[in-house]
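Following: one structure in structure tokens, then a few remarks.
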Amino acid sequence: MRLVVTGGAGFIGSNFVRHVLATHPDDRVVNLDRLTYAGNPANLADVERDARYSFVKGDICDGALVRDVIRDADAVVNFAACSHVDRSLVEPDEFLRTDIFGVHTLLEAVRELKVPRFVQISTDEVYGSVERGSSRETDPLRPTNPYSASKAGGDHLALAYWSTYRVPSLITRSSNNFGPYQYPEKVIPLFITNALEDRPLPLYGDGRNVRDWLYVLDNCAAIDLVLRKGKDGEVYNIGGGHEVENIVLTREILRLTRKPETLIQPVKDRPGHDRRYAVDSRKVHQLGWAPKHPFGRALEATVDWYREHAAWWTPLKSGELRTWYEQQYGAHSGRGETP
Ligand code: NAD
Ligand code: DAU
């Protein structure tokens, strides 16, 4: 298969590229990525010289470039997105541009060039907060922040292009991912690296919000299955099946890093903070997927990875991320201190 992966220099995309090259020896992968703050060529340094892999720096909103890159593709898998909720609260424009207009640009190119398959990587956040039970793929979308609203826009477009033009779109909606190469703004890598640096762990609100954690390699396997075996025009939820309150997760990270609970620092809640996400994953299970990495062991492996890869995350935390936090919370807040 000739695959174009967009956003392949980010967290999930880079793990997916590595997964495809390792499990499908005849596949070729072109990675189109704009290299925003979250895109890091170091995430794929180990496959850089693989003759089956190539990289193009560019924007999914650039229609001419997108057409050039996807011309002979058998499938396009779109991971490219602005992905961090907190950033969407202060700079929503870029989220709308990439997560809606970028998807539209890809869909138009796929339609014109008749690419046989388009997989849109979406999120459980599009269903909004779920107090009880779990979201089915047919449930209405109720996004509550600019990130999830823009992702919902992308989803609606992908399904509309299937209904209207028979563009062969499929959508995956996964729960919260964690694992190696996740930018240290998201809660698990932020808390692990803060703990390793003996800095406070800023826990939002009452710490009782619930997320369903999915190890990134399990998500990659599910996406790969949907890509090869999924049905056009269908949506597939991918849940980790491991719901945890943030406070419990935080204590577990401190236990694994052997740091004291006095590092927990309650801070102001995120505006519009969704209480809980939960998806019903029966459909992707019926396709033949099940997560293989138990949460406890995967979290331990993730802590070990960050411990052993300080050279990967230290420049990110002292560079772009620090500047961003200083702009939001003031020059001396650092982050890890109360915003
Ligand atoms: P990430 O922020 O780590 O990576 C995003 C990548 O997209 C980066 O490499 C960035 O450079 C690239 N990018 C951004 N804008 C671009 C543009 N206009 N053109 C080309 N490239 C661009 O994100 P992630 O956590 O790996 O998430 C990947 C996808 O999975 C996103 O669509 C996200 O919505 C979805 N998702 C993420 C999670 C999670 O827990 N991280 C869970 C469910 C769904
Ligand atoms: O549910 C899937 C989504 O998961 C993805 O679509 C998003 O791309 C991804 O960023 C993630 O969104 P969340 O908002 O759930 O992830 P985040 O890591 O930002 O936060 C997880 C929980 O931890 C959430 O309840 C907020 C809380 N939190 C987060 C940060 C960054 C804190 O308490 N303190 C923090 O500093």
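Identifiers in the structure tokens: chain A, B, ... in order shown; residue index from 1 per chain; ligand index from 1 in order shown.
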Within 9 Å of ligand 2 (only C-alpha atoms and all ligand atoms), residues as a PyMOL selection string: chain A and resi 81-86+122-126+147-148+151+173-178+184-191+201-213+245-247+250+266-267+269-270+273-278+335-336
A:Ser88 surroundings by only C-alpha atoms, 10 Å radius, close-in-sequence under 6 positions cut, as a list in words: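 Neighbouring residues, sequence-local ones excluded: Cys82, Glu94, Phe95, Leu96, Asn145, Pro146, Tyr147, Ser148, Ala149 and Ser150 of chain A.
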Take the residues that were just selected and, keeping N, CA and C atoms, output them as a compact mmCIF listing (two decimals), in the first residue's frame.
```txt
# COMPACT_ATOMS: atom_id res chain seq x y z
N CYS A 82 -4.46 20.63 15.20
CA CYS A 82 -4.10 21.28 16.45
C CYS A 82 -4.82 20.45 17.49
N GLU A 94 -6.38 28.95 14.73
CA GLU A 94 -5.53 27.95 14.08
C GLU A 94 -6.20 26.57 14.13
N PHE A 95 -7.01 26.35 15.16
CA PHE A 95 -7.72 25.07 15.28
C PHE A 95 -8.76 24.95 14.17
N LEU A 96 -9.48 26.05 13.94
CA LEU A 96 -10.49 26.01 12.88
C LEU A 96 -9.83 25.83 11.52
N ASN A 145 -15.67 22.68 23.41
CA ASN A 145 -14.55 23.63 23.38
C ASN A 145 -14.11 23.81 21.93
N PRO A 146 -13.32 24.85 21.64
CA PRO A 146 -12.96 25.11 20.23
C PRO A 146 -12.21 23.93 19.58
N TYR A 147 -11.42 23.20 20.36
CA TYR A 147 -10.75 22.02 19.79
C TYR A 147 -11.77 20.99 19.36
N SER A 148 -12.64 20.57 20.29
CA SER A 148 -13.58 19.49 19.94
C SER A 148 -14.59 19.96 18.91
N ALA A 149 -14.94 21.25 18.94
CA ALA A 149 -15.89 21.76 17.94
C ALA A 149 -15.26 21.72 16.55
N SER A 150 -13.97 22.05 16.46
CA SER A 150 -13.34 22.03 15.14
C SER A 150 -13.14 20.58 14.67
```
Shell of 7 Å around A:Asp74, only C-alpha atoms, local chain residues under 3 positions omitted, as an NGL selection string: :A and (1-3 or 115-117)
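Nearest-residue note for A:Ala51: choosing from A:Pro180, A:Arg28, A:Phe101, A:Val69, the minimum distance belongs to A:Arg28, counting only C-alpha atoms.
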DSSP helix (DSSP H, G or I) residues within stretch 118-239 of chain A, listed as a ChimeraX atom specification: /A:124-127,146-165,187-196,216-229
Shortest interatomic distance to ligand 1 - which of A:Asp27, A:Asp99, A:Glu48, A:Asp139, counting only C-alpha atoms and all ligand atoms: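 Counting only C-alpha atoms and all ligand atoms, the residue closest to ligand 1 is A:Asp99.
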Residue with smallest distance to A:Tyr165 - pool A:Ile121, A:Glu108, A:Thr23, A:Glu252, counting only C-alpha atoms: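 The closest residue to A:Tyr165 is A:Glu108.
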Atom pair atom CA of A:Ile12 / atom 28 (C, counted along the ligand's line) of ligand 1: separation (Å):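 Computing the Euclidean distance for atom CA of A:Ile12 and atom 28 (C, counted along the ligand's line) of ligand 1 yields 5.2 Å.
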Close residues, A:Gly288 itself excluded, 9 Å, only C-alpha atoms, min 3 positions apart in chain, as a list in words: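 After dropping sequence-adjacent residues, the list is Ala222, Leu225, Val284 and His285 of chain A.
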Filtered DSSP result for stretch 63-292 of chain A, state strand (DSSP E), as number ranges by chain: A: 75-78, 118-123, 169-174, 176-178, 201-204, 210-215, 235-238, 243-245, 264-267
Selected residues written out, N, CA, C and O atoms, as a short mmCIF file (atom, residue, chain, number, x, y, z; two decimals), in the first residue's frame:
```cif
data_model
loop_
_atom_site.label_atom_id
_atom_site.label_comp_id
_atom_site.auth_asym_id
_atom_site.auth_seq_id
_atom_site.Cartn_x
_atom_site.Cartn_y
_atom_site.Cartn_z
N ALA A 75 -4.10 5.36 -0.02
CA ALA A 75 -4.89 5.85 1.11
C ALA A 75 -4.21 7.05 1.74
O ALA A 75 -2.99 7.19 1.70
N VAL A 76 -5.04 7.92 2.31
CA VAL A 76 -4.55 9.06 3.10
C VAL A 76 -5.09 8.88 4.52
O VAL A 76 -6.28 8.63 4.70
N VAL A 77 -4.19 8.99 5.50
CA VAL A 77 -4.61 8.90 6.91
C VAL A 77 -4.26 10.24 7.55
O VAL A 77 -3.09 10.60 7.64
N ASN A 78 -5.28 10.96 8.00
CA ASN A 78 -5.05 12.33 8.48
C ASN A 78 -4.98 12.46 10.00
O ASN A 78 -5.99 12.49 10.69
N PHE A 118 -9.80 7.33 2.59
CA PHE A 118 -9.41 8.48 3.43
C PHE A 118 -9.82 8.19 4.86
O PHE A 118 -11.01 7.96 5.14
N VAL A 119 -8.84 8.16 5.77
CA VAL A 119 -9.16 7.92 7.18
C VAL A 119 -8.92 9.21 7.97
O VAL A 119 -7.80 9.74 7.98
N GLN A 120 -9.97 9.70 8.58
CA GLN A 120 -9.89 10.91 9.40
C GLN A 120 -9.74 10.49 10.86
O GLN A 120 -10.57 9.76 11.40
N ILE A 121 -8.63 10.92 11.49
CA ILE A 121 -8.39 10.57 12.89
C ILE A 121 -9.08 11.61 13.78
O ILE A 121 -8.69 12.77 13.81
N SER A 122 -10.12 11.16 14.45
CA SER A 122 -10.87 12.07 15.31
C SER A 122 -10.78 11.63 16.78
O SER A 122 -9.89 10.87 17.15
N THR A 123 -11.71 12.10 17.57
CA THR A 123 -11.56 11.98 19.02
C THR A 123 -12.89 11.73 19.72
O THR A 123 -13.94 12.17 19.23
N SER A 169 -14.57 7.96 2.86
CA SER A 169 -14.05 8.40 4.17
C SER A 169 -14.41 7.43 5.27
O SER A 169 -15.51 6.88 5.28
N LEU A 170 -13.49 7.25 6.21
CA LEU A 170 -13.76 6.53 7.45
C LEU A 170 -13.24 7.40 8.59
O LEU A 170 -12.31 8.18 8.39
N ILE A 171 -13.84 7.24 9.76
CA ILE A 171 -13.42 8.06 10.90
C ILE A 171 -13.12 7.17 12.09
O ILE A 171 -13.86 6.23 12.36
N THR A 172 -12.00 7.47 12.79
CA THR A 172 -11.78 6.81 14.09
C THR A 172 -11.93 7.87 15.18
O THR A 172 -11.48 9.00 15.01
N ARG A 173 -12.59 7.50 16.27
CA ARG A 173 -12.71 8.41 17.43
C ARG A 173 -12.17 7.69 18.65
O ARG A 173 -12.82 6.83 19.23
N SER A 174 -10.94 8.05 19.02
CA SER A 174 -10.32 7.32 20.13
C SER A 174 -10.39 8.12 21.42
O SER A 174 -10.63 9.33 21.42
N ASN A 176 -8.34 9.10 25.21
CA ASN A 176 -7.03 9.72 25.48
C ASN A 176 -5.88 8.74 25.30
O ASN A 176 -5.86 7.68 25.94
N ASN A 177 -4.92 9.12 24.48
CA ASN A 177 -3.73 8.29 24.24
C ASN A 177 -2.60 8.69 25.19
O ASN A 177 -2.51 9.85 25.61
N PHE A 178 -1.72 7.74 25.46
CA PHE A 178 -0.48 8.06 26.16
C PHE A 178 0.59 7.09 25.67
O PHE A 178 0.29 6.04 25.09
N LEU A 201 2.80 19.42 40.21
CA LEU A 201 1.90 18.87 39.20
C LEU A 201 0.57 19.63 39.29
O LEU A 201 -0.19 19.45 40.26
N PRO A 202 0.30 20.52 38.32
CA PRO A 202 -0.89 21.39 38.41
C PRO A 202 -2.18 20.63 38.07
O PRO A 202 -2.51 20.43 36.90
N LEU A 203 -2.92 20.23 39.09
CA LEU A 203 -4.12 19.43 38.91
C LEU A 203 -5.34 20.36 38.84
O LEU A 203 -5.61 21.11 39.77
N TYR A 204 -6.07 20.28 37.73
CA TYR A 204 -7.20 21.20 37.51
C TYR A 204 -8.39 20.87 38.41
O TYR A 204 -8.76 19.69 38.55
N VAL A 210 -12.73 12.42 34.65
CA VAL A 210 -12.38 11.04 34.27
C VAL A 210 -12.01 10.98 32.79
O VAL A 210 -12.70 11.53 31.93
N ARG A 211 -10.91 10.30 32.50
CA ARG A 211 -10.53 10.03 31.12
C ARG A 211 -10.30 8.53 30.97
O ARG A 211 -9.93 7.84 31.93
N ASP A 212 -10.52 8.03 29.76
CA ASP A 212 -10.36 6.60 29.46
C ASP A 212 -9.05 6.44 28.70
O ASP A 212 -8.95 6.86 27.54
N TRP A 213 -8.04 5.84 29.34
CA TRP A 213 -6.68 5.86 28.78
C TRP A 213 -6.40 4.70 27.84
O TRP A 213 -6.70 3.54 28.14
N LEU A 214 -5.80 5.04 26.71
CA LEU A 214 -5.51 4.07 25.64
C LEU A 214 -4.02 4.19 25.29
O LEU A 214 -3.55 5.29 24.96
N TYR A 215 -3.30 3.07 25.35
CA TYR A 215 -1.87 3.11 25.01
C TYR A 215 -1.75 3.35 23.50
O TYR A 215 -2.46 2.73 22.70
N VAL A 235 -17.95 5.17 11.08
CA VAL A 235 -17.19 5.73 12.21
C VAL A 235 -16.86 4.58 13.16
O VAL A 235 -17.70 3.70 13.38
N TYR A 236 -15.63 4.59 13.71
CA TYR A 236 -15.22 3.55 14.67
C TYR A 236 -14.69 4.20 15.94
O TYR A 236 -13.69 4.91 15.90
N ASN A 237 -15.37 3.95 17.06
CA ASN A 237 -14.84 4.37 18.37
C ASN A 237 -13.70 3.44 18.78
O ASN A 237 -13.77 2.23 18.52
N ILE A 238 -12.69 4.01 19.45
CA ILE A 238 -11.58 3.19 19.95
C ILE A 238 -11.30 3.62 21.41
O ILE A 238 -10.69 4.66 21.63
N GLU A 243 -10.89 3.61 32.60
CA GLU A 243 -11.27 4.95 33.08
C GLU A 243 -10.60 5.25 34.41
O GLU A 243 -10.61 4.42 35.31
N VAL A 244 -10.04 6.44 34.52
CA VAL A 244 -9.35 6.84 35.76
C VAL A 244 -9.65 8.30 36.07
O VAL A 244 -9.64 9.15 35.16
N GLU A 245 -9.87 8.59 37.35
CA GLU A 245 -9.97 9.99 37.77
C GLU A 245 -8.57 10.61 37.73
O GLU A 245 -7.58 9.93 38.07
N ILE A 264 1.64 17.54 44.34
CA ILE A 264 0.34 17.83 43.72
C ILE A 264 -0.07 19.26 44.07
O ILE A 264 -0.11 19.63 45.25
N GLN A 265 -0.37 20.04 43.02
CA GLN A 265 -0.76 21.42 43.27
C GLN A 265 -2.13 21.69 42.63
O GLN A 265 -2.23 21.83 41.41
N PRO A 266 -3.19 21.76 43.45
CA PRO A 266 -4.51 22.08 42.89
C PRO A 266 -4.48 23.48 42.28
O PRO A 266 -3.99 24.42 42.92
N VAL A 267 -4.96 23.61 41.05
CA VAL A 267 -5.01 24.92 40.39
C VAL A 267 -6.42 25.16 39.85
O VAL A 267 -7.25 24.24 39.84
#
```
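Using only C-alpha atoms, the shortest contact distance between A:Tyr329 and any of A:Val90, A:Asp26, A:Ile60, A:Leu113 is found at A:Val90.
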Contacts of A:Gly39 within 7 Å, only C-alpha atoms, excl. fewer than 4 positions in-chain, as JSON, numbers by chain: {"A": [9, 10, 35]}
